[in-house]
$ cat my_file_26.cif   # mmCIF, C-alpha atoms, pLDDT in the B column; chains and numbers go by the auth columns
data_work
#
loop_
_atom_site.group_PDB
_atom_site.id
_atom_site.type_symbol
_atom_site.label_atom_id
_atom_site.label_comp_id
_atom_site.label_asym_id
_atom_site.label_seq_id
_atom_site.Cartn_x
_atom_site.Cartn_y
_atom_site.Cartn_z
_atom_site.B_iso_or_equiv
_atom_site.auth_seq_id
_atom_site.auth_asym_id
ATOM 1 C CA MET A 1 0.000 0.000 0.000 51.00 17 A
ATOM 2 C CA HIS A 2 2.833 2.398 0.887 56.00 18 A
ATOM 3 C CA ASP A 3 4.383 1.740 -2.551 64.00 19 A
ATOM 4 C CA SER A 4 1.047 2.559 -4.213 66.00 20 A
ATOM 5 C CA ILE A 5 0.933 5.905 -2.428 67.00 21 A
ATOM 6 C CA LEU A 6 4.507 6.704 -3.426 68.00 22 A
ATOM 7 C CA HIS A 7 3.695 5.742 -7.016 66.00 23 A
ATOM 8 C CA VAL A 8 0.661 8.034 -7.133 66.00 24 A
ATOM 9 C CA LEU A 9 2.630 10.973 -5.760 68.00 25 A
ATOM 10 C CA GLY A 10 5.468 10.319 -8.209 75.00 26 A
ATOM 11 C CA ASN A 11 8.699 12.283 -8.039 80.00 27 A
ATOM 12 C CA GLU A 12 7.099 15.706 -7.981 71.00 28 A
ATOM 13 C CA THR A 13 9.544 18.468 -7.151 78.00 29 A
ATOM 14 C CA ASP A 14 7.248 21.251 -5.980 72.00 30 A
ATOM 15 C CA ALA A 15 4.287 21.559 -3.634 78.00 31 A
ATOM 16 C CA ASP A 16 1.861 22.551 -6.410 79.00 32 A
ATOM 17 C CA ALA A 17 2.602 19.350 -8.341 80.00 33 A
ATOM 18 C CA VAL A 18 2.266 17.252 -5.161 81.00 34 A
ATOM 19 C CA ALA A 19 -1.069 18.950 -4.441 80.00 35 A
ATOM 20 C CA ALA A 20 -2.322 18.257 -7.965 82.00 36 A
ATOM 21 C CA ALA A 21 -1.219 14.602 -7.783 80.00 37 A
ATOM 22 C CA THR A 22 -2.878 14.208 -4.400 82.00 38 A
ATOM 23 C CA VAL A 23 -6.168 15.684 -5.597 82.00 39 A
ATOM 24 C CA ARG A 24 -6.120 13.470 -8.695 80.00 40 A
ATOM 25 C CA ALA A 25 -5.451 10.405 -6.516 80.00 41 A
ATOM 26 C CA VAL A 26 -8.256 11.267 -4.090 83.00 42 A
ATOM 27 C CA GLU A 27 -10.728 12.033 -6.876 87.00 43 A
ATOM 28 C CA SER A 28 -9.853 8.793 -8.622 84.00 44 A
ATOM 29 C CA LEU A 29 -10.215 6.710 -5.473 81.00 45 A
ATOM 30 C CA MET A 30 -13.442 8.441 -4.471 82.00 46 A
ATOM 31 C CA GLY A 31 -14.776 7.842 -7.980 85.00 47 A
ATOM 32 C CA GLU A 32 -14.201 4.124 -7.524 84.00 48 A
ATOM 33 C CA LEU A 33 -15.641 4.129 -4.012 82.00 49 A
ATOM 34 C CA LYS A 34 -18.800 6.171 -4.620 86.00 50 A
ATOM 35 C CA PRO A 35 -20.724 3.477 -6.566 88.00 51 A
ATOM 36 C CA LEU A 36 -19.978 1.001 -3.775 82.00 52 A
ATOM 37 C CA VAL A 37 -20.890 3.020 -0.682 82.00 53 A
ATOM 38 C CA GLY A 38 -22.609 6.167 -1.956 85.00 54 A
ATOM 39 C CA ARG A 39 -21.823 9.870 -2.016 84.00 55 A
ATOM 40 C CA LEU A 40 -22.350 10.544 1.674 86.00 56 A
ATOM 41 C CA ALA A 41 -20.225 7.644 2.889 83.00 57 A
ATOM 42 C CA THR A 42 -17.515 8.646 0.434 80.00 58 A
ATOM 43 C CA SER A 43 -17.600 12.213 1.759 82.00 59 A
ATOM 44 C CA ALA A 44 -17.546 10.952 5.331 83.00 60 A
ATOM 45 C CA LEU A 45 -14.558 8.726 4.613 79.00 61 A
ATOM 46 C CA PHE A 46 -12.676 11.635 3.081 79.00 62 A
ATOM 47 C CA ALA A 47 -13.591 13.931 5.986 77.00 63 A
ATOM 48 C CA ARG A 48 -12.443 11.309 8.486 75.00 64 A
ATOM 49 C CA SER A 49 -9.195 10.850 6.569 77.00 65 A
ATOM 50 C CA LEU A 50 -8.578 14.607 6.689 72.00 66 A
ATOM 51 C CA HIS A 51 -9.234 14.563 10.411 69.00 67 A
ATOM 52 C CA LEU A 52 -6.839 11.673 11.027 71.00 68 A
ATOM 53 C CA ALA A 53 -4.128 13.263 8.907 71.00 69 A
ATOM 54 C CA ASN A 54 -4.680 16.743 10.357 66.00 70 A
ATOM 55 C CA ALA A 55 -1.557 16.572 12.528 63.00 71 A
ATOM 56 C CA SER A 56 0.489 16.427 9.328 65.00 72 A
ATOM 57 C CA PHE A 57 -1.208 19.514 7.937 66.00 73 A
ATOM 58 C CA ALA A 58 -1.019 21.686 11.076 63.00 74 A
ATOM 59 C CA ARG A 59 -3.907 23.780 9.760 63.00 75 A
ATOM 60 C CA PRO A 60 -7.575 24.145 10.724 61.00 76 A
ATOM 61 C CA ASP A 61 -9.518 20.975 10.041 64.00 77 A
ATOM 62 C CA PRO A 62 -11.888 21.736 7.114 66.00 78 A
ATOM 63 C CA ALA A 63 -14.084 18.761 8.038 63.00 79 A
ATOM 64 C CA LEU A 64 -14.595 20.204 11.522 65.00 80 A
ATOM 65 C CA GLN A 65 -15.404 23.618 10.054 72.00 81 A
ATOM 66 C CA LYS A 66 -17.915 21.971 7.692 74.00 82 A
ATOM 67 C CA LEU A 67 -19.491 20.081 10.596 69.00 83 A
ATOM 68 C CA GLN A 68 -19.935 23.314 12.541 74.00 84 A
ATOM 69 C CA GLU A 69 -21.520 24.966 9.486 81.00 85 A
ATOM 70 C CA ASP A 70 -23.847 21.983 9.059 77.00 86 A
ATOM 71 C CA LEU A 71 -24.857 22.079 12.733 76.00 87 A
ATOM 72 C CA THR A 72 -25.551 25.814 12.539 85.00 88 A
ATOM 73 C CA SER A 73 -27.644 25.255 9.425 86.00 89 A
ATOM 74 C CA LEU A 74 -29.520 22.407 11.133 81.00 90 A
ATOM 75 C CA ARG A 75 -30.270 24.554 14.167 89.00 91 A
ATOM 76 C CA ASN A 76 -31.522 27.390 11.967 88.00 92 A
ATOM 77 C CA ASP A 77 -33.696 25.007 9.950 87.00 93 A
ATOM 78 C CA LEU A 78 -35.240 23.278 12.970 86.00 94 A
ATOM 79 C CA SER A 79 -35.924 26.534 14.789 90.00 95 A
ATOM 80 C CA THR A 80 -38.068 27.808 11.901 92.00 96 A
ATOM 81 C CA ARG A 81 -40.359 24.756 11.924 86.00 97 A
ATOM 82 C CA SER A 82 -43.457 24.153 13.989 86.00 98 A
ATOM 83 C CA LEU A 83 -42.812 22.283 17.235 87.00 99 A
ATOM 84 C CA GLU A 84 -44.281 19.079 15.815 86.00 100 A
ATOM 85 C CA ASP A 85 -42.227 19.272 12.615 86.00 101 A
ATOM 86 C CA ALA A 86 -39.060 20.125 14.527 86.00 102 A
ATOM 87 C CA ARG A 87 -39.551 17.128 16.851 89.00 103 A
ATOM 88 C CA ALA A 88 -40.271 14.773 13.928 87.00 104 A
ATOM 89 C CA ALA A 89 -37.261 15.964 11.937 84.00 105 A
ATOM 90 C CA SER A 90 -35.011 15.805 15.004 85.00 106 A
ATOM 91 C CA HIS A 91 -36.205 12.314 15.849 87.00 107 A
ATOM 92 C CA ALA A 92 -35.601 11.113 12.282 85.00 108 A
ATOM 93 C CA LEU A 93 -32.086 12.581 12.222 78.00 109 A
ATOM 94 C CA LEU A 94 -31.042 11.278 15.631 84.00 110 A
ATOM 95 C CA ARG A 95 -32.545 7.853 14.906 88.00 111 A
ATOM 96 C CA ALA A 96 -30.611 7.604 11.654 81.00 112 A
ATOM 97 C CA LEU A 97 -27.408 8.718 13.392 74.00 113 A
ATOM 98 C CA VAL A 98 -27.812 6.223 16.239 83.00 114 A
ATOM 99 C CA ASP A 99 -28.705 3.388 13.857 86.00 115 A
ATOM 100 C CA LEU A 100 -25.667 4.111 11.675 77.00 116 A
ATOM 101 C CA LEU A 101 -23.426 4.337 14.709 76.00 117 A
ATOM 102 C CA ALA A 102 -24.733 1.017 16.027 86.00 118 A
ATOM 103 C CA SER A 103 -24.117 -0.638 12.661 83.00 119 A
ATOM 104 C CA LEU A 104 -20.516 0.580 12.757 80.00 120 A
ATOM 105 C CA ILE A 105 -19.519 -0.024 16.388 81.00 121 A
ATOM 106 C CA GLY A 106 -22.233 -2.306 17.776 87.00 122 A
ATOM 107 C CA GLN A 107 -25.255 -1.698 19.970 90.00 123 A
ATOM 108 C CA SER A 108 -23.499 -2.127 23.325 92.00 124 A
ATOM 109 C CA LEU A 109 -20.815 0.468 22.627 90.00 125 A
ATOM 110 C CA THR A 110 -23.416 2.767 21.074 87.00 126 A
ATOM 111 C CA ASP A 111 -25.565 2.520 24.217 89.00 127 A
ATOM 112 C CA ARG A 112 -22.583 3.367 26.424 88.00 128 A
ATOM 113 C CA MET A 113 -21.650 6.280 24.175 85.00 129 A
ATOM 114 C CA LEU A 114 -25.218 7.649 24.222 87.00 130 A
ATOM 115 C CA ARG A 115 -25.392 7.360 28.019 85.00 131 A
ATOM 116 C CA SER A 116 -22.173 9.319 28.315 88.00 132 A
ATOM 117 C CA ALA A 117 -22.935 11.909 25.627 85.00 133 A
ATOM 118 C CA TRP A 118 -26.560 12.517 26.507 81.00 134 A
ATOM 119 C CA GLY A 119 -26.380 12.087 30.285 83.00 135 A
ATOM 120 C CA ILE A 120 -28.637 9.030 30.484 75.00 136 A
ATOM 121 C CA SER A 121 -28.412 6.692 33.466 72.00 137 A
ATOM 122 C CA ASN A 122 -28.258 2.910 33.052 69.00 138 A
ATOM 123 C CA ALA A 123 -31.987 2.862 33.830 57.00 139 A
ATOM 124 C CA GLY A 124 -32.646 5.059 30.784 53.00 140 A
ATOM 125 C CA HIS A 125 -33.438 8.257 32.668 50.00 141 A
ATOM 126 C CA PRO A 126 -31.512 11.513 32.369 50.00 142 A
ATOM 127 C CA ARG A 127 -28.864 11.854 35.080 49.00 143 A
ATOM 128 C CA GLU A 128 -28.953 14.809 37.352 49.00 144 A
ATOM 129 C CA ILE A 129 -26.167 17.156 36.315 45.00 145 A
ATOM 130 C CA THR A 130 -24.433 18.723 39.287 42.00 146 A
#
$ encode --input "my_file_26.cif" --output "structure tokens"
Amino acid sequence: MHDSILHVLGNETDADAVAAATVRAVESLMGELKPLVGRLATSALFARSLHLANASFARPDPALQKLQEDLTSLRNDLSTRSLEDARAASHALLRALVDLLASLIGQSLTDRMLRSAWGISNAGHPREIT
């Protein structure tokens, strides 16, 4: 795999050429991946890869910035809906997120993560925050 990466990057001698080769390699790989897992999963994989490699870049994480923009947009959208519509849309989103998470890491770990993140006791009731 390491040899494949070196091959794709070639013997470029300037940063612009390395950047172009990298973008071509990512676009090519994502083009192969998209029919298998879909556009959103492909985007998520790329965003996660950027996050994991962020230490090498030493720059703001664009995936994190995008997530914050998406969350702001979500909040704005939900706040303009009726209470019933906002609850239904929120439930659908959170259900999809939890289901996807469970399919990736398993139900037990998902349950523990939700209890920690959302302050839910083992009995299923919100914990008192002190």
$ resolve_selection --input "my_file_26.cif" --expression "the PyMOL selection byres ((chain A and resi 42) around 12)" --output "PyMOL selection string"
chain A and resi 21+24-25+35-41+43-50+58-59+61-63+65-66
$ atom_distance --input "my_file_26.cif" --atom1 "atom CA of Ala57 of chain A" --atom2 "atom CA of Thr126 of chain A"
19.1 Å
$ residues_around --input "my_file_26.cif" --residues "segment 100-112 of chain A" --least-positions-apart "4" --cutoff "12 Å" --atoms "only C-alpha atoms" --output "list in words"
Leu87, Leu90, Arg91, Asn92, Asp93, Leu94, Ser95, Thr96, Leu116, Leu117, Ala118, Ser119, Leu130 and Trp134 of chain A
$ write_last_selection --input "my_file_26.cif" --atoms "C-alpha atoms" --output "PDB file, keeping the file's coordinate frame"
ATOM      1  CA  LEU A  87     -24.857  22.079  12.733  1.00 76.00           C
ATOM      2  CA  LEU A  90     -29.520  22.407  11.133  1.00 81.00           C
ATOM      3  CA  ARG A  91     -30.270  24.554  14.167  1.00 89.00           C
ATOM      4  CA  ASN A  92     -31.522  27.390  11.967  1.00 88.00           C
ATOM      5  CA  ASP A  93     -33.696  25.007   9.950  1.00 87.00           C
ATOM      6  CA  LEU A  94     -35.240  23.278  12.970  1.00 86.00           C
ATOM      7  CA  SER A  95     -35.924  26.534  14.789  1.00 90.00           C
ATOM      8  CA  THR A  96     -38.068  27.808  11.901  1.00 92.00           C
ATOM      9  CA  LEU A 116     -25.667   4.111  11.675  1.00 77.00           C
ATOM     10  CA  LEU A 117     -23.426   4.337  14.709  1.00 76.00           C
ATOM     11  CA  ALA A 118     -24.733   1.017  16.027  1.00 86.00           C
ATOM     12  CA  SER A 119     -24.117  -0.638  12.661  1.00 83.00           C
ATOM     13  CA  LEU A 130     -25.218   7.649  24.222  1.00 87.00           C
ATOM     14  CA  TRP A 134     -26.560  12.517  26.507  1.00 81.00           C
TER      15      TRP A 134
END
$ atom_distance --input "my_file_26.cif" --atom1 "atom CA of Ser89 of chain A" --atom2 "atom CA of Asp115 of chain A"
22.3 Å
$ residues_around --input "my_file_26.cif" --residues "Asp127 of chain A" --least-positions-apart "3" --cutoff "12 Å" --atoms "all atoms listed in the file" --output "ChimeraX atom specification"
/A:114-115,117-118,121-124,130-140
$ atom_distance --input "my_file_26.cif" --atom1 "atom CA of Ala31 of chain A" --atom2 "atom CA of Arg64 of chain A"
23.1 Å
